[in-house]
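Chemist: My structure is below; once you've seen it, I'll send some questions.
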Amino acid sequence: MKVLVGVKRVLDPQVKARVKADKSGIDLTNAKMTMNPFCENAVEEAIRLREAGTIEEVVVLSVGAAKSEETLRNALALGADRAILVLTEDVLEPLAIAKIFKAIVAQESPDLVLVGKQAIDDECNQTGQMVSALLGWPQATFASKLEIVDGTAQVTREVDSGLETVNVNMPAVITADLRLNEPRYASLPNVMKAKRKPLEKIDIADLGLDTANRMTTIEVMEPPARASGVMVENVAELVEKLRNEAKVI
Amino acid sequence: MSILVIAEHDNASLIGATLNTVTAAQQIGGNIDLLVAGNSCSEAAKAASEVVGISRVLHADDTSLEGQLAENMADLIVSLASNYTHVLAAATTFGKNFMPRAAALLDVSQISEISEVVSADTFVRPVYAGNAMAKVQSSDSIKLITVRTTKFEAAAETGGTAAIETISAAADTQMSRFIGLSTSVSERVELTSAAIVISGGRGMQNGENFHMLDSVADKLGAAVGASRAAVDAGFVPNDYQVGQTGKVIAPDLYIAVGISGAIQHLAGMKDSKTIVAINKDSEAPIFQVADYGLVADLFEAVPELDQAL
């Protein structure tokens, strides 16, 4: 069996996003970039499935500018076998990304597609669901546990009311939540080895897809600031303020 | 304009998030239909018919809709979508599951988690954990939208008299099976609808210590939440989690106890009206969003608070 894992290069989650002065977007100039945290869970799960002997090959896919190669090399250092980078300078919507995934799935014929449940930059939470829709495959989103049994995937999903279990036919698309696993770190020898692992680059134009965006960003604004608060000395003062000033208890 | 709102329900009644989603639909304007889909959900359909501002309730009842699996839900929505200009669902784990699937089947983009309706095609949505707000305009003929429910008031739950129309489910895809749902049983008010929430973080040290918060919560009629750190450490179940990857809430009062205030936690609670932070580290980022900050050992401050209430 083969797994195709999607990874996205995003602003490091520890870095505070800064809105550009002209309100056209977020200033990413010289910003520290990293693999989207949920994608790390997806990569980790794929590697564990291979280590357990459930699958044979882990292929990682990213769509983006040339620098996304860093993110793919990182996935290769973590243990993925080979990588595919679909090159585009445009920031694409999840629908376009899903069409690209569908085209790569047609080439690679994986048994499973694993992606993170959402990217922490645009926070769409769409790509996995859209990939499964376009492929006509079942989906299991927000996975915190995955077991492959008798050609089906048994998935525990983190939902608002608790934990839901679904069983889906394979091939399937599964989106990873943070508690699916604890991602490993790449060792230095593996980082060196990753430089020699195969990485195929495909120009987006060669896929012949309609990847036009359906939305226009009119402006990106700072969120409304909160008025600064006060420090209280003790619990008595806190309770007094909550009762008489904020009037919330 | 003609809008379909997908109701979230537990077969017997509507989940509160549905009412906030109806308000977002009202702000877009036009006829609003409410889809109640499930297995044995006629009670929920009846409840839906009483929501103020609804034209019709579409009631799809079929064993294939048990657990509202994404594949069957998306196919049902696609079968109805041509009658509508907008399809809305709450940006809860319910709506987030099937809406993008339906969007892709319709070859349209989804507008995720809107926080404001500017016009029928223009919306504001938070990005980067709420550190920026993007105003976006959609050119799709049908707009599929999920709604950040904390940004819209709840529509009135009773007083309406919409007609209930029975509709057929889509053919069962049989691609996936609902096995079960395990919920953590709580007597307390639900986290997303509570007026007061008290949350614990890594500073709570273990699950046993969360009982201190329970006691305060009982006195305030509050719900108990947690940071990701506390959930990851196994102190409390996942459905307690407040944050970018958990629940987004905006109660009247949010009390953060032993929570440092990571960006991803702030994303889930910083729209709360009044925020209290209790932490022994005066440098903790949670104090930057707090209206009232108390630098104290929580193991002394929380019992004191319990006494004072």
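Ordering of the structure tokens sets the chain letters (A, B, ...); residue numbers start at 1 within each chain; ligands are numbered from 1 in the order shown.
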Can I get the residues of chain B within 6 Å of chain A, each with the closest pair of atoms and their distance in Å to one decimal, using only C-alpha atoms, sorted chain first then ascending number, as CSV?

Modeler:
```
residue,atom,partner,partner_atom,distance
B:Thr93,CA,A:Val159,CA,5.4
B:Pro100,CA,A:Gln126,CA,5.2
B:Arg101,CA,A:Met130,CA,4.9
B:Ala104,CA,A:Met130,CA,5.2
B:Ser109,CA,A:Leu95,CA,5.9
B:Ser112,CA,A:Cys124,CA,5.5
B:Val127,CA,A:Asp122,CA,5.2
B:Tyr128,CA,A:Asp121,CA,4.6
B:Ala132,CA,A:Glu222,CA,4.9
B:Met133,CA,A:Met221,CA,5.0
B:Ala134,CA,A:Val220,CA,4.3
B:Lys135,CA,A:Glu219,CA,5.3
B:Val136,CA,A:Thr217,CA,4.4
B:Gln137,CA,A:Thr216,CA,5.1
B:Ser138,CA,A:Met215,CA,4.4
B:Ser139,CA,A:Arg214,CA,5.5
B:Met175,CA,A:Asn169,CA,5.5
B:Ser176,CA,A:Val168,CA,4.1
B:Arg177,CA,A:Asn167,CA,5.1
B:Phe178,CA,A:Val166,CA,4.7
B:Ile179,CA,A:Val166,CA,5.1
B:Gly180,CA,A:Thr165,CA,5.3
B:Leu181,CA,A:Glu164,CA,4.2
B:Ser182,CA,A:Leu163,CA,5.2
B:Thr183,CA,A:Gly162,CA,4.5
B:Asp239,CA,A:Gly162,CA,5.1
B:Ala290,CA,A:Gly229,CA,5.7
B:Asp291,CA,A:Gly229,CA,3.8
B:Tyr292,CA,A:Val230,CA,5.2
B:Gly293,CA,A:Met231,CA,4.5
B:Leu294,CA,A:Val232,CA,5.4
```

Chemist: Using the chain letters and numbers from this document, which residues of region 97-137 of chain A does DSSP assign to strand (DSSP E), as a list in words?

Modeler: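 So, restricting region 97-137 of chain A to strand (DSSP E), we get Leu112, Val113, Leu114, Val115 and Gly116 of chain A.
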
Chemist: Can you work out which one of A:Thr34, A:Thr175, A:Ser62, A:Asn181 has the shortest atom-to-atom distance to Phe101 (chain A), counting only C-alpha atoms?

Modeler: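 Closest candidate: A:Ser62.
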
Chemist: With a distance cut-off of 9 Å and only C-alpha atoms, select the neighbouring residues of Glu89 (chain A), excluding the residue or stretch itself and same-chain residues fewer than 4 positions from it, and output the selection as a PDB file with C-alpha atoms, in the first residue's frame.

Modeler:
```pdb
ATOM      1  CA  GLY A  64       3.540  26.280  -3.678  1.00  0.00           C
ATOM      2  CA  ALA A  65       6.555  28.389  -4.546  1.00  0.00           C
ATOM      3  CA  ALA A  66      10.081  26.962  -4.931  1.00  0.00           C
TER       4      ALA A  66
END
```

Chemist: Can you pull out the residues contacting Val191 (chain A)? Cut-off 10 Å, using only C-alpha atoms, and skip same-chain residues under 6 positions away; I want them as a PyMOL selection string.

Modeler: chain A and resi 73-79

Chemist: Ile198 (chain B): which residues within 9 Å, counting only C-alpha atoms, same-chain residues fewer than 6 positions away excluded, as a VMD selection string?

Modeler: chain B and resid 213 to 214 216 to 217 222 to 226 253 to 257
